[in-house]
file upload_13.txt (compact mmCIF, N, CA and C atoms)
# COMPACT_ATOMS: atom_id res chain seq x y z
N MET A 1 11.36 -3.08 19.29
CA MET A 1 11.73 -2.14 18.25
C MET A 1 11.40 -2.76 16.89
N ALA A 2 10.88 -1.95 16.00
CA ALA A 2 10.51 -2.43 14.68
C ALA A 2 11.74 -2.79 13.86
N ALA A 3 11.59 -3.82 13.05
CA ALA A 3 12.66 -4.23 12.14
C ALA A 3 12.81 -3.19 11.04
N LYS A 4 14.01 -3.09 10.49
CA LYS A 4 14.26 -2.19 9.37
C LYS A 4 14.51 -3.05 8.13
N ILE A 5 13.69 -2.81 7.10
CA ILE A 5 13.79 -3.53 5.84
C ILE A 5 14.06 -2.50 4.75
N VAL A 6 15.09 -2.75 3.95
CA VAL A 6 15.43 -1.85 2.86
C VAL A 6 15.10 -2.52 1.53
N VAL A 7 14.28 -1.83 0.73
CA VAL A 7 13.91 -2.30 -0.60
C VAL A 7 14.61 -1.39 -1.61
N ALA A 8 15.27 -1.98 -2.60
CA ALA A 8 16.00 -1.16 -3.57
C ALA A 8 15.70 -1.58 -5.00
N CYS A 9 15.58 -0.58 -5.86
CA CYS A 9 15.45 -0.82 -7.30
C CYS A 9 16.34 0.18 -8.01
N GLY A 10 16.30 0.18 -9.32
CA GLY A 10 17.17 1.04 -10.11
C GLY A 10 16.97 2.52 -9.87
N SER A 11 15.72 2.96 -9.74
CA SER A 11 15.47 4.39 -9.59
C SER A 11 14.95 4.77 -8.21
N GLY A 12 14.48 3.80 -7.43
CA GLY A 12 13.98 4.10 -6.09
C GLY A 12 12.62 4.76 -6.09
N VAL A 13 11.93 4.71 -7.22
CA VAL A 13 10.64 5.37 -7.29
C VAL A 13 9.51 4.36 -7.41
N ALA A 14 9.26 3.87 -8.58
CA ALA A 14 8.07 3.05 -8.81
C ALA A 14 8.19 1.63 -8.27
N THR A 15 9.18 0.90 -8.72
CA THR A 15 9.26 -0.53 -8.39
C THR A 15 9.52 -0.76 -6.91
N SER A 16 10.49 -0.07 -6.35
CA SER A 16 10.79 -0.28 -4.93
C SER A 16 9.62 0.18 -4.07
N GLU A 17 8.94 1.23 -4.46
CA GLU A 17 7.78 1.69 -3.71
C GLU A 17 6.63 0.68 -3.78
N MET A 18 6.46 0.05 -4.95
CA MET A 18 5.42 -0.99 -5.08
C MET A 18 5.72 -2.17 -4.16
N VAL A 19 6.97 -2.62 -4.18
CA VAL A 19 7.37 -3.75 -3.34
C VAL A 19 7.26 -3.37 -1.87
N ALA A 20 7.68 -2.17 -1.52
CA ALA A 20 7.58 -1.71 -0.14
C ALA A 20 6.12 -1.69 0.33
N ALA A 21 5.22 -1.19 -0.52
CA ALA A 21 3.80 -1.16 -0.17
C ALA A 21 3.25 -2.57 0.03
N ARG A 22 3.64 -3.49 -0.84
CA ARG A 22 3.18 -4.87 -0.70
C ARG A 22 3.71 -5.48 0.60
N LEU A 23 4.97 -5.23 0.90
CA LEU A 23 5.55 -5.75 2.14
C LEU A 23 4.85 -5.16 3.36
N ARG A 24 4.55 -3.88 3.32
CA ARG A 24 3.83 -3.26 4.45
C ARG A 24 2.50 -3.97 4.67
N ARG A 25 1.78 -4.24 3.58
CA ARG A 25 0.48 -4.90 3.69
C ARG A 25 0.64 -6.33 4.21
N LEU A 26 1.57 -7.09 3.62
CA LEU A 26 1.76 -8.48 4.03
C LEU A 26 2.22 -8.59 5.48
N LEU A 27 3.11 -7.72 5.90
CA LEU A 27 3.59 -7.78 7.28
C LEU A 27 2.51 -7.31 8.26
N ALA A 28 1.72 -6.33 7.86
CA ALA A 28 0.61 -5.89 8.72
C ALA A 28 -0.39 -7.02 8.93
N GLU A 29 -0.64 -7.80 7.88
CA GLU A 29 -1.54 -8.95 8.00
C GLU A 29 -1.01 -9.99 9.00
N LYS A 30 0.31 -10.02 9.17
CA LYS A 30 0.95 -10.96 10.10
C LYS A 30 1.25 -10.29 11.45
N ASN A 31 0.80 -9.04 11.61
CA ASN A 31 1.05 -8.27 12.83
C ASN A 31 2.54 -8.11 13.13
N VAL A 32 3.32 -7.89 12.08
CA VAL A 32 4.76 -7.67 12.21
C VAL A 32 5.03 -6.19 11.97
N GLU A 33 5.66 -5.56 12.95
CA GLU A 33 6.03 -4.15 12.81
C GLU A 33 7.37 -4.04 12.11
N ALA A 34 7.43 -3.16 11.11
CA ALA A 34 8.67 -2.96 10.39
C ALA A 34 8.70 -1.58 9.78
N GLU A 35 9.88 -1.01 9.77
CA GLU A 35 10.13 0.22 9.03
C GLU A 35 10.65 -0.23 7.68
N ILE A 36 9.92 0.10 6.62
CA ILE A 36 10.31 -0.33 5.28
C ILE A 36 10.71 0.91 4.49
N VAL A 37 11.97 0.90 4.04
CA VAL A 37 12.54 2.04 3.34
C VAL A 37 12.78 1.65 1.89
N ALA A 38 12.27 2.45 0.95
CA ALA A 38 12.49 2.23 -0.48
C ALA A 38 13.53 3.22 -0.98
N VAL A 39 14.57 2.68 -1.64
CA VAL A 39 15.66 3.53 -2.14
C VAL A 39 16.08 3.08 -3.53
N ASP A 40 16.87 3.92 -4.19
CA ASP A 40 17.48 3.51 -5.46
C ASP A 40 18.83 2.87 -5.13
N VAL A 41 19.36 2.11 -6.07
CA VAL A 41 20.58 1.34 -5.80
C VAL A 41 21.78 2.22 -5.44
N THR A 42 21.78 3.47 -5.85
CA THR A 42 22.92 4.33 -5.51
C THR A 42 22.93 4.72 -4.03
N HIS A 43 21.82 4.53 -3.33
CA HIS A 43 21.73 4.90 -1.91
C HIS A 43 21.67 3.68 -0.99
N VAL A 44 21.91 2.52 -1.53
CA VAL A 44 21.81 1.29 -0.73
C VAL A 44 22.80 1.28 0.42
N ASP A 45 24.03 1.66 0.18
CA ASP A 45 25.06 1.61 1.23
C ASP A 45 24.60 2.36 2.48
N GLU A 46 24.12 3.57 2.30
CA GLU A 46 23.67 4.37 3.43
C GLU A 46 22.41 3.78 4.07
N ALA A 47 21.47 3.35 3.24
CA ALA A 47 20.19 2.84 3.74
C ALA A 47 20.35 1.56 4.55
N LEU A 48 21.33 0.75 4.21
CA LEU A 48 21.51 -0.53 4.89
C LEU A 48 22.09 -0.41 6.30
N ALA A 49 22.52 0.79 6.69
CA ALA A 49 23.03 0.97 8.05
C ALA A 49 21.91 0.64 9.04
N GLY A 50 22.14 -0.36 9.85
CA GLY A 50 21.15 -0.77 10.84
C GLY A 50 20.00 -1.59 10.30
N ALA A 51 20.08 -2.00 9.04
CA ALA A 51 18.99 -2.78 8.44
C ALA A 51 19.04 -4.23 8.88
N ASP A 52 17.87 -4.83 9.00
CA ASP A 52 17.74 -6.24 9.37
C ASP A 52 17.65 -7.14 8.14
N VAL A 53 17.03 -6.61 7.06
CA VAL A 53 16.85 -7.39 5.84
C VAL A 53 16.94 -6.46 4.64
N PHE A 54 17.54 -6.97 3.57
CA PHE A 54 17.66 -6.24 2.30
C PHE A 54 16.81 -6.96 1.27
N VAL A 55 15.97 -6.20 0.56
CA VAL A 55 15.07 -6.76 -0.45
C VAL A 55 15.35 -6.05 -1.79
N PRO A 56 16.34 -6.53 -2.55
CA PRO A 56 16.63 -5.89 -3.83
C PRO A 56 15.69 -6.39 -4.93
N VAL A 57 15.29 -5.47 -5.76
CA VAL A 57 14.45 -5.82 -6.92
C VAL A 57 15.35 -6.01 -8.14
N VAL A 58 16.53 -5.44 -8.10
CA VAL A 58 17.55 -5.62 -9.14
C VAL A 58 18.78 -6.22 -8.48
N LYS A 59 19.62 -6.86 -9.29
CA LYS A 59 20.83 -7.46 -8.73
C LYS A 59 21.77 -6.34 -8.29
N PRO A 60 22.12 -6.33 -7.01
CA PRO A 60 23.03 -5.28 -6.53
C PRO A 60 24.44 -5.48 -7.07
N GLU A 61 25.17 -4.39 -7.17
CA GLU A 61 26.55 -4.45 -7.67
C GLU A 61 27.49 -5.09 -6.66
N HIS A 62 27.13 -5.04 -5.39
CA HIS A 62 27.99 -5.56 -4.33
C HIS A 62 27.22 -6.56 -3.48
N ASP A 63 27.96 -7.38 -2.76
CA ASP A 63 27.36 -8.23 -1.74
C ASP A 63 27.38 -7.45 -0.44
N TYR A 64 26.30 -7.57 0.32
CA TYR A 64 26.21 -6.85 1.58
C TYR A 64 26.08 -7.84 2.73
N ASP A 65 26.52 -7.42 3.87
CA ASP A 65 26.47 -8.27 5.06
C ASP A 65 25.13 -8.11 5.77
N VAL A 66 24.06 -8.19 5.00
CA VAL A 66 22.69 -8.08 5.50
C VAL A 66 21.91 -9.21 4.85
N PRO A 67 21.13 -9.96 5.63
CA PRO A 67 20.33 -11.03 5.01
C PRO A 67 19.47 -10.47 3.87
N THR A 68 19.40 -11.23 2.78
CA THR A 68 18.73 -10.76 1.57
C THR A 68 17.58 -11.68 1.18
N VAL A 69 16.49 -11.06 0.76
CA VAL A 69 15.29 -11.76 0.28
C VAL A 69 14.97 -11.19 -1.09
N SER A 70 14.52 -12.02 -2.01
CA SER A 70 14.23 -11.58 -3.38
C SER A 70 13.07 -10.59 -3.44
N GLY A 71 13.35 -9.42 -3.98
CA GLY A 71 12.30 -8.43 -4.18
C GLY A 71 11.45 -8.74 -5.39
N VAL A 72 12.00 -9.47 -6.34
CA VAL A 72 11.26 -9.83 -7.55
C VAL A 72 10.02 -10.66 -7.18
N ALA A 73 10.15 -11.50 -6.17
CA ALA A 73 9.02 -12.33 -5.75
C ALA A 73 7.84 -11.46 -5.31
N PHE A 74 8.12 -10.35 -4.64
CA PHE A 74 7.06 -9.46 -4.17
C PHE A 74 6.54 -8.57 -5.29
N LEU A 75 7.32 -8.41 -6.33
CA LEU A 75 6.89 -7.62 -7.48
C LEU A 75 5.97 -8.45 -8.38
N THR A 76 6.37 -9.69 -8.65
CA THR A 76 5.62 -10.53 -9.58
C THR A 76 4.59 -11.44 -8.91
N GLY A 77 4.81 -11.72 -7.64
CA GLY A 77 3.95 -12.67 -6.94
C GLY A 77 4.44 -14.11 -7.03
N MET A 78 5.39 -14.37 -7.92
CA MET A 78 5.94 -15.72 -8.07
C MET A 78 6.88 -16.01 -6.90
N ASN A 79 6.63 -17.11 -6.20
CA ASN A 79 7.41 -17.50 -5.02
C ASN A 79 7.28 -16.49 -3.87
N GLN A 80 6.25 -15.68 -3.90
CA GLN A 80 6.07 -14.68 -2.86
C GLN A 80 5.91 -15.32 -1.48
N ASP A 81 5.11 -16.39 -1.39
CA ASP A 81 4.89 -17.03 -0.10
C ASP A 81 6.19 -17.57 0.47
N LYS A 82 7.01 -18.17 -0.38
CA LYS A 82 8.30 -18.72 0.05
C LYS A 82 9.21 -17.60 0.56
N GLU A 83 9.30 -16.50 -0.18
CA GLU A 83 10.16 -15.39 0.23
C GLU A 83 9.61 -14.69 1.47
N LEU A 84 8.29 -14.62 1.60
CA LEU A 84 7.69 -14.03 2.80
C LEU A 84 8.04 -14.89 4.02
N ASP A 85 7.97 -16.20 3.87
CA ASP A 85 8.35 -17.10 4.97
C ASP A 85 9.82 -16.89 5.35
N ARG A 86 10.69 -16.74 4.35
CA ARG A 86 12.12 -16.48 4.62
C ARG A 86 12.29 -15.16 5.35
N LEU A 87 11.57 -14.14 4.90
CA LEU A 87 11.65 -12.82 5.53
C LEU A 87 11.20 -12.89 6.98
N LEU A 88 10.09 -13.56 7.22
CA LEU A 88 9.59 -13.68 8.59
C LEU A 88 10.56 -14.45 9.48
N ALA A 89 11.17 -15.48 8.93
CA ALA A 89 12.16 -16.25 9.68
C ALA A 89 13.37 -15.37 10.03
N LEU A 90 13.82 -14.58 9.08
CA LEU A 90 14.95 -13.69 9.33
C LEU A 90 14.61 -12.65 10.39
N LEU A 91 13.40 -12.12 10.35
CA LEU A 91 13.00 -11.13 11.34
C LEU A 91 12.86 -11.77 12.72
N GLY A 92 12.48 -13.03 12.75
CA GLY A 92 12.36 -13.74 14.02
C GLY A 92 13.70 -14.04 14.65
N GLU A 93 14.76 -14.08 13.83
CA GLU A 93 16.10 -14.38 14.31
C GLU A 93 16.83 -13.17 14.85
N ARG A 94 16.34 -12.00 14.58
CA ARG A 94 17.10 -10.80 14.96
C ARG A 94 16.99 -10.50 16.43
call {"tool": "encode", "arguments": {"input": "upload_13.txt", "output": "structure tokens"}}
result
Amino acid sequence: MAAKIVVACGSGVATSEMVAARLRRLLAEKNVEAEIVAVDVTHVDEALAGADVFVPVVKPEHDYDVPTVSGVAFLTGMNQDKELDRLLALLGER
């Protein structure tokens, strides 16, 4: 079964969609199947149901009981390789 990854930003439109698209490409290059959902921060609670990894682009208001990877790294490219390795490790543990 494919992993579920939730990407969240302030509006759920541009930034989270950009990060989600980058994650889809990076994971496809690694032959990793994942359902990647982009949402705005107001819908995070619902979206995280059954999620394997949370990738916030903005600091969430709450802490969630879902492993978290920095979305900023996938937006800017800074530390992207490190965060991708963390993401892959988390997906391998599920």
call {"tool": "atom_distance", "arguments": {"input": "upload_13.txt", "atom1": "CA of Ala3 (chain A)", "atom2": "CA of Ala51 (chain A)"}}
result
7.5 Å
call {"tool": "atom_distance", "arguments": {"input": "upload_13.txt", "atom1": "CA of Val39 (chain A)", "atom2": "atom C of Pro67 (chain A)"}}
result
15.7 Å
call {"tool": "atom_distance", "arguments": {"input": "upload_13.txt", "atom1": "CA of Asp52 (chain A)", "atom2": "CA of Val66 (chain A)"}}
result
6.5 Å
call {"tool": "select_by_dssp", "arguments": {"input": "upload_13.txt", "residues": "chain A", "states": "helix (DSSP H, G or I)", "output": "MDAnalysis selection string"}}
result
chainID A and resid 14:29 41:47 71:76 80:93
call {"tool": "residues_around", "arguments": {"input": "upload_13.txt", "residues": "region 6-18 of chain A", "least_positions_apart": "6", "cutoff": "6 Å", "atoms": "all atoms listed in the file", "output": "list in words"}}
result
Ile36, Val37, Ala38, Val39, Asp40, Val41, Ala51, Val53, Phe54, Val55, Pro56, Val57 and Val58 of chain A
call {"tool": "residues_around", "arguments": {"input": "upload_13.txt", "residues": "Phe74 (chain A)", "least_positions_apart": "2", "cutoff": "9 Å", "atoms": "only C-alpha atoms", "output": "number ranges by chain"}}
result
A: 18-20, 22-23, 57, 70-72, 76-81, 83-84
call {"tool": "write_last_selection", "arguments": {"input": "upload_13.txt", "atoms": "N, CA and C atoms", "output": "mmCIF file, in the frame of the given file"}}
result
data_model
loop_
_atom_site.group_PDB
_atom_site.id
_atom_site.type_symbol
_atom_site.label_atom_id
_atom_site.label_comp_id
_atom_site.auth_asym_id
_atom_site.auth_seq_id
_atom_site.Cartn_x
_atom_site.Cartn_y
_atom_site.Cartn_z
ATOM 1 N N MET A 18 6.460 0.050 -4.950
ATOM 2 C CA MET A 18 5.420 -0.990 -5.080
ATOM 3 C C MET A 18 5.720 -2.170 -4.160
ATOM 4 N N VAL A 19 6.970 -2.620 -4.180
ATOM 5 C CA VAL A 19 7.370 -3.750 -3.340
ATOM 6 C C VAL A 19 7.260 -3.370 -1.870
ATOM 7 N N ALA A 20 7.680 -2.170 -1.520
ATOM 8 C CA ALA A 20 7.580 -1.710 -0.140
ATOM 9 C C ALA A 20 6.120 -1.690 0.330
ATOM 10 N N ARG A 22 3.640 -3.490 -0.840
ATOM 11 C CA ARG A 22 3.180 -4.870 -0.700
ATOM 12 C C ARG A 22 3.710 -5.480 0.600
ATOM 13 N N LEU A 23 4.970 -5.230 0.900
ATOM 14 C CA LEU A 23 5.550 -5.750 2.140
ATOM 15 C C LEU A 23 4.850 -5.160 3.360
ATOM 16 N N VAL A 57 15.290 -5.470 -5.760
ATOM 17 C CA VAL A 57 14.450 -5.820 -6.920
ATOM 18 C C VAL A 57 15.350 -6.010 -8.140
ATOM 19 N N SER A 70 14.520 -12.020 -2.010
ATOM 20 C CA SER A 70 14.230 -11.580 -3.380
ATOM 21 C C SER A 70 13.070 -10.590 -3.440
ATOM 22 N N GLY A 71 13.350 -9.420 -3.980
ATOM 23 C CA GLY A 71 12.300 -8.430 -4.180
ATOM 24 C C GLY A 71 11.450 -8.740 -5.390
ATOM 25 N N VAL A 72 12.000 -9.470 -6.340
ATOM 26 C CA VAL A 72 11.260 -9.830 -7.550
ATOM 27 C C VAL A 72 10.020 -10.660 -7.180
ATOM 28 N N THR A 76 6.370 -9.690 -8.650
ATOM 29 C CA THR A 76 5.620 -10.530 -9.580
ATOM 30 C C THR A 76 4.590 -11.440 -8.910
ATOM 31 N N GLY A 77 4.810 -11.720 -7.640
ATOM 32 C CA GLY A 77 3.950 -12.670 -6.940
ATOM 33 C C GLY A 77 4.440 -14.110 -7.030
ATOM 34 N N MET A 78 5.390 -14.370 -7.920
ATOM 35 C CA MET A 78 5.940 -15.720 -8.070
ATOM 36 C C MET A 78 6.880 -16.010 -6.900
ATOM 37 N N ASN A 79 6.630 -17.110 -6.200
ATOM 38 C CA ASN A 79 7.410 -17.500 -5.020
ATOM 39 C C ASN A 79 7.280 -16.490 -3.870
ATOM 40 N N GLN A 80 6.250 -15.680 -3.900
ATOM 41 C CA GLN A 80 6.070 -14.680 -2.860
ATOM 42 C C GLN A 80 5.910 -15.320 -1.480
ATOM 43 N N ASP A 81 5.110 -16.390 -1.390
ATOM 44 C CA ASP A 81 4.890 -17.030 -0.100
ATOM 45 C C ASP A 81 6.190 -17.570 0.470
ATOM 46 N N GLU A 83 9.300 -16.500 -0.180
ATOM 47 C CA GLU A 83 10.160 -15.390 0.230
ATOM 48 C C GLU A 83 9.610 -14.690 1.470
ATOM 49 N N LEU A 84 8.290 -14.620 1.600
ATOM 50 C CA LEU A 84 7.690 -14.030 2.800
ATOM 51 C C LEU A 84 8.040 -14.890 4.020
#
call {"tool": "select_by_dssp", "arguments": {"input": "upload_13.txt", "residues": "chain A", "states": "strand (DSSP E or B)", "output": "PyMOL selection string"}}
result
chain A and resi 3-9+34-40+53-56+68
call {"tool": "closest_residue", "arguments": {"input": "upload_13.txt", "among": "A:Ala73, A:Ala49, A:Leu88, A:Ala34", "to": "Ile5 (chain A)", "atoms": "only N, CA and C atoms"}}
result
A:Ala34
call {"tool": "closest_residue", "arguments": {"input": "upload_13.txt", "among": "A:Val69, A:Leu75, A:Leu48, A:Leu87", "to": "Val32 (chain A)", "atoms": "only C-alpha atoms"}}
result
A:Leu87
call {"tool": "decode", "arguments": {"input": "upload_13.txt", "residues": "region 8-35 of chain A", "atoms": "N, CA and C atoms", "output": "PDB file, in the first residue's frame"}}
result
ATOM      1  N   ALA A   8       1.444  20.720   3.969  1.00  0.00           N
ATOM      2  CA  ALA A   8       0.547  21.821   4.344  1.00  0.00           C
ATOM      3  C   ALA A   8       1.256  23.159   4.290  1.00  0.00           C
ATOM      4  N   CYS A   9       0.522  24.160   3.818  1.00  0.00           N
ATOM      5  CA  CYS A   9       1.004  25.544   3.847  1.00  0.00           C
ATOM      6  C   CYS A   9      -0.161  26.417   4.287  1.00  0.00           C
ATOM      7  N   GLY A  10       0.048  27.705   4.299  1.00  0.00           N
ATOM      8  CA  GLY A  10      -0.965  28.633   4.782  1.00  0.00           C
ATOM      9  C   GLY A  10      -2.256  28.612   4.001  1.00  0.00           C
ATOM     10  N   SER A  11      -2.180  28.523   2.674  1.00  0.00           N
ATOM     11  CA  SER A  11      -3.397  28.571   1.873  1.00  0.00           C
ATOM     12  C   SER A  11      -3.733  27.248   1.193  1.00  0.00           C
ATOM     13  N   GLY A  12      -2.778  26.325   1.122  1.00  0.00           N
ATOM     14  CA  GLY A  12      -3.043  25.034   0.488  1.00  0.00           C
ATOM     15  C   GLY A  12      -3.099  25.096  -1.016  1.00  0.00           C
ATOM     16  N   VAL A  13      -2.610  26.189  -1.583  1.00  0.00           N
ATOM     17  CA  VAL A  13      -2.687  26.331  -3.031  1.00  0.00           C
ATOM     18  C   VAL A  13      -1.296  26.270  -3.655  1.00  0.00           C
ATOM     19  N   ALA A  14      -0.586  27.353  -3.644  1.00  0.00           N
ATOM     20  CA  ALA A  14       0.663  27.430  -4.402  1.00  0.00           C
ATOM     21  C   ALA A  14       1.823  26.691  -3.744  1.00  0.00           C
ATOM     22  N   THR A  15       2.155  27.053  -2.529  1.00  0.00           N
ATOM     23  CA  THR A  15       3.367  26.518  -1.900  1.00  0.00           C
ATOM     24  C   THR A  15       3.255  25.030  -1.627  1.00  0.00           C
ATOM     25  N   SER A  16       2.170  24.599  -1.031  1.00  0.00           N
ATOM     26  CA  SER A  16       2.037  23.170  -0.731  1.00  0.00           C
ATOM     27  C   SER A  16       1.958  22.354  -2.015  1.00  0.00           C
ATOM     28  N   GLU A  17       1.338  22.884  -3.041  1.00  0.00           N
ATOM     29  CA  GLU A  17       1.274  22.177  -4.325  1.00  0.00           C
ATOM     30  C   GLU A  17       2.656  22.071  -4.970  1.00  0.00           C
ATOM     31  N   MET A  18       3.469  23.135  -4.832  1.00  0.00           N
ATOM     32  CA  MET A  18       4.840  23.090  -5.366  1.00  0.00           C
ATOM     33  C   MET A  18       5.655  22.014  -4.654  1.00  0.00           C
ATOM     34  N   VAL A  19       5.570  21.995  -3.328  1.00  0.00           N
ATOM     35  CA  VAL A  19       6.310  21.008  -2.543  1.00  0.00           C
ATOM     36  C   VAL A  19       5.797  19.603  -2.850  1.00  0.00           C
ATOM     37  N   ALA A  20       4.495  19.445  -2.955  1.00  0.00           N
ATOM     38  CA  ALA A  20       3.917  18.143  -3.281  1.00  0.00           C
ATOM     39  C   ALA A  20       4.413  17.655  -4.644  1.00  0.00           C
ATOM     40  N   ALA A  21       4.449  18.541  -5.635  1.00  0.00           N
ATOM     41  CA  ALA A  21       4.933  18.167  -6.963  1.00  0.00           C
ATOM     42  C   ALA A  21       6.407  17.750  -6.912  1.00  0.00           C
ATOM     43  N   ARG A  22       7.205  18.482  -6.152  1.00  0.00           N
ATOM     44  CA  ARG A  22       8.619  18.128  -6.032  1.00  0.00           C
ATOM     45  C   ARG A  22       8.775  16.767  -5.353  1.00  0.00           C
ATOM     46  N   LEU A  23       8.000  16.538  -4.308  1.00  0.00           N
ATOM     47  CA  LEU A  23       8.057  15.254  -3.615  1.00  0.00           C
ATOM     48  C   LEU A  23       7.629  14.109  -4.537  1.00  0.00           C
ATOM     49  N   ARG A  24       6.596  14.332  -5.323  1.00  0.00           N
ATOM     50  CA  ARG A  24       6.161  13.294  -6.273  1.00  0.00           C
ATOM     51  C   ARG A  24       7.302  12.942  -7.220  1.00  0.00           C
ATOM     52  N   ARG A  25       7.986  13.961  -7.727  1.00  0.00           N
ATOM     53  CA  ARG A  25       9.096  13.720  -8.658  1.00  0.00           C
ATOM     54  C   ARG A  25      10.249  13.000  -7.957  1.00  0.00           C
ATOM     55  N   LEU A  26      10.649  13.492  -6.789  1.00  0.00           N
ATOM     56  CA  LEU A  26      11.774  12.890  -6.071  1.00  0.00           C
ATOM     57  C   LEU A  26      11.482  11.450  -5.665  1.00  0.00           C
ATOM     58  N   LEU A  27      10.279  11.189  -5.206  1.00  0.00           N
ATOM     59  CA  LEU A  27       9.936   9.827  -4.800  1.00  0.00           C
ATOM     60  C   LEU A  27       9.805   8.901  -6.006  1.00  0.00           C
ATOM     61  N   ALA A  28       9.291   9.418  -7.111  1.00  0.00           N
ATOM     62  CA  ALA A  28       9.208   8.612  -8.337  1.00  0.00           C
ATOM     63  C   ALA A  28      10.608   8.212  -8.807  1.00  0.00           C
ATOM     64  N   GLU A  29      11.562   9.127  -8.689  1.00  0.00           N
ATOM     65  CA  GLU A  29      12.946   8.816  -9.059  1.00  0.00           C
ATOM     66  C   GLU A  29      13.526   7.694  -8.197  1.00  0.00           C
ATOM     67  N   LYS A  30      13.006   7.546  -6.983  1.00  0.00           N
ATOM     68  CA  LYS A  30      13.469   6.502  -6.057  1.00  0.00           C
ATOM     69  C   LYS A  30      12.547   5.274  -6.093  1.00  0.00           C
ATOM     70  N   ASN A  31      11.574   5.293  -7.012  1.00  0.00           N
ATOM     71  CA  ASN A  31      10.599   4.201  -7.140  1.00  0.00           C
ATOM     72  C   ASN A  31       9.813   3.968  -5.850  1.00  0.00           C
ATOM     73  N   VAL A  32       9.455   5.052  -5.184  1.00  0.00           N
ATOM     74  CA  VAL A  32       8.667   4.988  -3.956  1.00  0.00           C
ATOM     75  C   VAL A  32       7.250   5.448  -4.285  1.00  0.00           C
ATOM     76  N   GLU A  33       6.283   4.589  -3.995  1.00  0.00           N
ATOM     77  CA  GLU A  33       4.886   4.940  -4.216  1.00  0.00           C
ATOM     78  C   GLU A  33       4.350   5.689  -3.008  1.00  0.00           C
ATOM     79  N   ALA A  34       3.672   6.801  -3.265  1.00  0.00           N
ATOM     80  CA  ALA A  34       3.103   7.575  -2.178  1.00  0.00           C
ATOM     81  C   ALA A  34       1.921   8.383  -2.678  1.00  0.00           C
ATOM     82  N   GLU A  35       0.935   8.501  -1.822  1.00  0.00           N
ATOM     83  CA  GLU A  35      -0.174   9.418  -2.055  1.00  0.00           C
ATOM     84  C   GLU A  35       0.226  10.702  -1.354  1.00  0.00           C
TER      85      GLU A  35
END
